[in-house]
Amino acid sequence: VGQGGAARASTFLNLCAVYSLLGKHLDALGCAEEALSNLKIALRDGAAQEKTTVPGMERVDQASMVAIAYHNIAVEQEYLARYADAVASYRKALGVAEKQCGPKAQLVAKIRLALAAATNAAQGAGEEAREREKSGIRSRSEGRRPPVDSGEAESDSMEEGGSQSEPESQQL
């Protein structure tokens, strides 16, 4: 896999960003997951020191790209209102970033902020669900999948639907 895996991963991260801009968050999530898969294979095959170009960053190693892939997965999970999954993915991204870049790196700081915002969103969504449960009211989006081809074209992530707000995190 070697360089091919990292190059494919970079391509999938680029596709993730494009799909997210188009509001196609399920497709964006799939691309971010595919990027992560390619990176894990490349790392397993011993190409961990290879440098690859990533949009917005001059050159990063594959291990740092793993943190970026987890971050992008989390962003798309937020768009899809999968807050608990997003928090878990941000935690994975943070763990990798701290290990690979050091605790004071800019990437680590960005992921920490995104994790805090996602944690707050998850808590808010949980409280909202409990209130609806108490009152017996269902939200407009309950019981149906969010659309994958609508929404604003922003690089931040969250599926349009009902009164959801944009997540505070961004694609890296």
# chains A, B, ... in the order shown; residues from 1 in each chain; ligands from 1

call {"tool": "residues_around", "arguments": {"residues": "stretch 123-137 of chain A", "least_positions_apart": "3", "cutoff": "10 Å", "atoms": "only C-alpha atoms", "output": "list in words"}}
result
Ala81, Arg82, Tyr83, Ala84, Ala117, Ala118, Thr119, Asn120, Arg140 and Gln164 of chain A

call {"tool": "atom_distance", "arguments": {"atom1": "atom CA of A:Cys101", "atom2": "atom CA of A:Ala122"}}
result
27.1 Å

call {"tool": "closest_residue", "arguments": {"among": "A:Asp45, A:Glu98, A:Asp61, A:Glu34", "to": "A:Thr11", "atoms": "only C-alpha atoms"}}
result
A:Glu34

call {"tool": "residues_around", "arguments": {"residues": "A:Tyr70", "least_positions_apart": "5", "cutoff": "9 Å", "atoms": "only C-alpha atoms", "output": "list in words"}}
result
Ala32, Glu33, Leu36, Met65, Val75, Ser89, Tyr90, Arg91, Lys92, Ala93, Leu94 and Val96 of chain A

call {"tool": "atom_distance", "arguments": {"atom1": "atom CA of A:Gly95", "atom2": "atom CA of A:Leu29"}}
result
20.1 Å

call {"tool": "atom_distance", "arguments": {"atom1": "atom CA of A:Leu115", "atom2": "atom CA of A:Gln77"}}
result
12.2 Å

call {"tool": "closest_residue", "arguments": {"among": "A:Leu39, A:Ala7, A:Leu80, A:Ala97", "to": "A:Ser20", "atoms": "only C-alpha atoms"}}
result
A:Leu80

call {"tool": "decode", "arguments": {"residues": "stretch 98-119 of chain A", "atoms": "N, CA and C atoms", "output": "CSV table (one decimal), in the first residue's frame"}}
result
chain,number,residue,atom,x,y,z
A,98,GLU,N,-2.4,14.5,20.2
A,98,GLU,CA,-1.5,14.7,21.3
A,98,GLU,C,-0.3,13.9,21.2
A,99,LYS,N,-0.4,12.6,20.9
A,99,LYS,CA,0.7,11.7,20.8
A,99,LYS,C,1.7,12.1,19.7
A,100,GLN,N,1.1,12.4,18.5
A,100,GLN,CA,1.9,12.7,17.3
A,100,GLN,C,2.5,14.1,17.2
A,101,CYS,N,1.7,15.1,17.7
A,101,CYS,CA,2.1,16.5,17.5
A,101,CYS,C,2.5,17.2,18.8
A,102,GLY,N,2.2,16.6,20.0
A,102,GLY,CA,2.5,17.2,21.2
A,102,GLY,C,1.3,17.9,21.7
A,103,PRO,N,1.2,18.1,23.1
A,103,PRO,CA,-0.1,18.7,23.6
A,103,PRO,C,-0.3,20.2,23.3
A,104,LYS,N,0.8,20.9,22.9
A,104,LYS,CA,0.6,22.3,22.6
A,104,LYS,C,0.5,22.6,21.1
A,105,ALA,N,0.3,21.6,20.3
A,105,ALA,CA,0.2,21.9,18.9
A,105,ALA,C,-1.1,22.5,18.5
A,106,GLN,N,-1.1,23.3,17.4
A,106,GLN,CA,-2.3,24.0,17.0
A,106,GLN,C,-3.4,23.0,16.6
A,107,LEU,N,-3.1,21.9,16.0
A,107,LEU,CA,-4.1,20.9,15.7
A,107,LEU,C,-4.7,20.3,17.0
A,108,VAL,N,-4.0,20.1,18.0
A,108,VAL,CA,-4.5,19.6,19.3
A,108,VAL,C,-5.5,20.7,19.9
A,109,ALA,N,-5.1,21.9,19.8
A,109,ALA,CA,-5.9,23.0,20.3
A,109,ALA,C,-7.3,23.0,19.6
A,110,LYS,N,-7.2,22.9,18.3
A,110,LYS,CA,-8.4,23.0,17.5
A,110,LYS,C,-9.3,21.8,17.8
A,111,ILE,N,-8.7,20.6,18.0
A,111,ILE,CA,-9.5,19.4,18.3
A,111,ILE,C,-10.1,19.5,19.7
A,112,ARG,N,-9.4,20.1,20.6
A,112,ARG,CA,-9.9,20.3,22.0
A,112,ARG,C,-11.2,21.2,21.9
A,113,LEU,N,-11.1,22.3,21.2
A,113,LEU,CA,-12.3,23.2,21.1
A,113,LEU,C,-13.5,22.5,20.4
A,114,ALA,N,-13.2,21.7,19.4
A,114,ALA,CA,-14.3,21.0,18.7
A,114,ALA,C,-14.9,19.9,19.6
A,115,LEU,N,-14.0,19.2,20.4
A,115,LEU,CA,-14.5,18.3,21.4
A,115,LEU,C,-15.4,18.9,22.4
A,116,ALA,N,-15.0,20.1,22.9
A,116,ALA,CA,-15.8,20.8,23.9
A,116,ALA,C,-17.2,21.2,23.3
A,117,ALA,N,-17.2,21.7,22.1
A,117,ALA,CA,-18.4,22.1,21.5
A,117,ALA,C,-19.3,20.9,21.2
A,118,ALA,N,-18.7,19.7,20.8
A,118,ALA,CA,-19.5,18.5,20.5
A,118,ALA,C,-20.1,18.0,21.8
A,119,THR,N,-19.3,18.0,22.9
A,119,THR,CA,-19.8,17.5,24.2
A,119,THR,C,-21.0,18.4,24.7
